[in-house]
Amino acid sequence: MKKEVLVSPSMLAADFLRLGEEVGRICAAGCDYVHIDVMDGHFVPNLTMGPCVVEHIAKASSKPLDIHLMVKNVPFFVDLFIPLKPAILSVHIEEVVHLHRLIWHIKDAGIKAGVVLNPHTNEQLLEYILPDIDVILLMSVNPGFGGQSFIPSSLTKLANLKKMRDRLNPACMLEIDGGVSDKNIQALKNAGIDMVVAGSFVFNSQDYAKSIAALR
Ligand code: DX5
Ligand code: ZN
């Protein structure tokens, strides 16, 4: 039987004036997780939402949260979001000095720990951390904005990461974020993806359930 891909719609593309309604709609449409993009205006040139807003989204969501931190001063932000008990909390490898310490800190709180790679970051950097993490989040656009084009070399990188993951930690989930649509989903599945983030593809459509089903 073919494995189904998990879908985590990104709230970045939702209507921010109707966040509660939007999260209700994607949950009812059958998403697996709700992806939350936290941006600080320093690590990326954009600002989104902090724990106060995310706390309300969590209350309105029937699905687990998948939080993606695009921030500097990562340990500070990790401690702001741990009390919200997301299912997954992911941090950028480019910004963390003591990665094992931070990963263990997240896991000690009963939260799945993810490590994010920017599109140009060499996947070999994961070699010594991969056995300790629950999720690899591969960026297929430069983080900071929704609606950007998928960077084609991400497919080669995904294939390399799948080999590394299968060798070092088969239980670790492979997730991709940025420019995912019905145009590239088959190639992503062929390369072994477990979970996709989709912002504009889901929220710019009329029928969220149909878009989520198209990615599955
Ligand atoms: C980009 C964010 C993504 C983004 C995805 O910095 O991490 O989650 O919202 O949006 P789309 O699917 O529109 O590329
Ligand atoms: Zn994201």
# chains A, B, ... in the order shown; residues from 1 in each chain; ligands from 1

$ closest_atom_pairs --of "chain A" --to "ligand 1" --cutoff "10 Å" --atoms "only C-alpha atoms and all ligand atoms" --output "tab-separated table"
residue	atom	partner	partner_atom_place_in_ligand_line	distance
A:Ser8	CA	ligand 1	8 (O)	9.1
A:Pro9	CA	ligand 1	12 (O)	7.8
A:Ser10	CA	ligand 1	8 (O)	5.2
A:Met11	CA	ligand 1	9 (O)	7.1
A:Leu12	CA	ligand 1	9 (O)	4.9
A:Ala13	CA	ligand 1	9 (O)	6.2
A:Ala14	CA	ligand 1	9 (O)	9.5
A:His35	CA	ligand 1	8 (O)	6.9
A:Ile36	CA	ligand 1	8 (O)	7.3
A:Asp37	CA	ligand 1	7 (O)	5.6
A:Val38	CA	ligand 1	7 (O)	8.3
A:Met39	CA	ligand 1	6 (O)	8.0
A:Val44	CA	ligand 1	6 (O)	8.0
A:Pro45	CA	ligand 1	6 (O)	9.8
A:Asn46	CA	ligand 1	6 (O)	8.9
A:Ile67	CA	ligand 1	8 (O)	9.5
A:His68	CA	ligand 1	7 (O)	6.8
A:Leu69	CA	ligand 1	7 (O)	8.5
A:Met70	CA	ligand 1	6 (O)	7.5
A:Val116	CA	ligand 1	7 (O)	9.7
A:Asn118	CA	ligand 1	6 (O)	9.8
A:Leu137	CA	ligand 1	7 (O)	9.6
A:Leu138	CA	ligand 1	7 (O)	9.7
A:Met139	CA	ligand 1	7 (O)	7.2
A:Ser140	CA	ligand 1	14 (O)	8.3
A:Val141	CA	ligand 1	1 (C)	6.8
A:Asn142	CA	ligand 1	6 (O)	6.5
A:Pro143	CA	ligand 1	6 (O)	3.3
A:Gly144	CA	ligand 1	6 (O)	3.8
A:Phe145	CA	ligand 1	6 (O)	4.7
A:Gly146	CA	ligand 1	10 (O)	3.7
A:Gly147	CA	ligand 1	13 (O)	3.6
A:Gln148	CA	ligand 1	14 (O)	5.2
A:Ser149	CA	ligand 1	14 (O)	7.0
A:Phe150	CA	ligand 1	14 (O)	7.4
A:Ile176	CA	ligand 1	8 (O)	9.0
A:Asp177	CA	ligand 1	8 (O)	5.5
A:Gly178	CA	ligand 1	14 (O)	3.6
A:Gly179	CA	ligand 1	14 (O)	3.7
A:Val180	CA	ligand 1	12 (O)	5.4
A:Ser181	CA	ligand 1	12 (O)	7.4
A:Val196	CA	ligand 1	12 (O)	9.0
A:Val197	CA	ligand 1	8 (O)	6.1
A:Ala198	CA	ligand 1	12 (O)	3.8
A:Gly199	CA	ligand 1	12 (O)	3.5
A:Ser200	CA	ligand 1	13 (O)	3.8
A:Phe201	CA	ligand 1	12 (O)	6.0
A:Val202	CA	ligand 1	12 (O)	7.8
A:Phe203	CA	ligand 1	13 (O)	8.6
A:Asn204	CA	ligand 1	13 (O)	8.9

$ select_by_dssp --residues "segment 79-144 of chain A" --states "strand (DSSP E or B)" --output "list in words"
Ile88, Leu89, Ser90, Val91, His92, Lys112, Ala113, Gly114, Val115, Val116, Leu117, Val135, Ile136, Leu137, Leu138 and Met139 of chain A

$ closest_residue --among "A:Lys163, A:Glu21, A:Ala209, A:Leu155" --to "Lys189 of chain A" --atoms "only C-alpha atoms"
A:Leu155

$ residues_around --residues "segment 51-61 of chain A" --least-positions-apart "2" --cutoff "6 Å" --atoms "only C-alpha atoms" --output "list of chain:residue names"
A:Gly20, A:Val23, A:Lys63

$ write_last_selection --atoms "N, CA and C atoms" --output "CSV table (one decimal), in the first residue's frame"
chain,number,residue,atom,x,y,z
A,20,GLY,N,-9.2,32.4,13.9
A,20,GLY,CA,-10.0,31.3,14.5
A,20,GLY,C,-10.8,30.5,13.5
A,23,VAL,N,-8.4,28.4,11.1
A,23,VAL,CA,-7.8,27.2,11.7
A,23,VAL,C,-8.9,26.1,11.8
A,63,LYS,N,-6.3,20.1,15.7
A,63,LYS,CA,-5.1,19.3,15.2
A,63,LYS,C,-3.8,19.8,15.9

$ closest_residue --among "A:Glu123, A:Glu94, A:Glu4, A:Asp166" --to "Leu215 of chain A" --atoms "only C-alpha atoms"
A:Glu4

$ closest_residue --among "A:Ile129, A:Asn73, A:Pro83, A:His120" --to "Trp104 of chain A" --atoms "only C-alpha atoms"
A:Ile129

$ residues_around --residues "Ile193 of chain A" --least-positions-apart "4" --cutoff "7 Å" --atoms "only C-alpha atoms" --output "list of chain:residue names"
A:Leu174, A:Glu175, A:Leu188, A:Lys189

$ select_by_dssp --residues "segment 120-164 of chain A" --states "alpha helix (DSSP H)" --output "list of chain:residue names"
A:Ser154, A:Leu155, A:Thr156, A:Lys157, A:Leu158, A:Ala159, A:Asn160, A:Leu161, A:Lys162, A:Lys163, A:Met164

$ atom_distance --atom1 "atom CA of Leu47 of chain A" --atom2 "atom CA of Val71 of chain A"
9.7 Å

$ atom_distance --atom1 "atom CA of Ala87 of chain A" --atom2 "atom CA of Ile111 of chain A"
5.6 Å

$ closest_residue --among "A:Asp108, A:Asp66, A:Asp40, A:Asp182" --to "ligand 2" --atoms "only C-alpha atoms and all ligand atoms"
A:Asp66

$ closest_residue --among "A:Ala159, A:Met173, A:Arg165, A:Ser211" --to "Ala187 of chain A" --atoms "only C-alpha atoms"
A:Ala159

$ closest_residue --among "A:Glu22, A:Ile88, A:Leu130, A:Asp79" --to "ligand 2" --atoms "only C-alpha atoms and all ligand atoms"
A:Ile88

$ residues_around --residues "Ile103 of chain A" --least-positions-apart "2" --cutoff "8 Å" --atoms "only C-alpha atoms" --output "ChimeraX atom specification"
/A:99-101,105-107,113-114,132-133
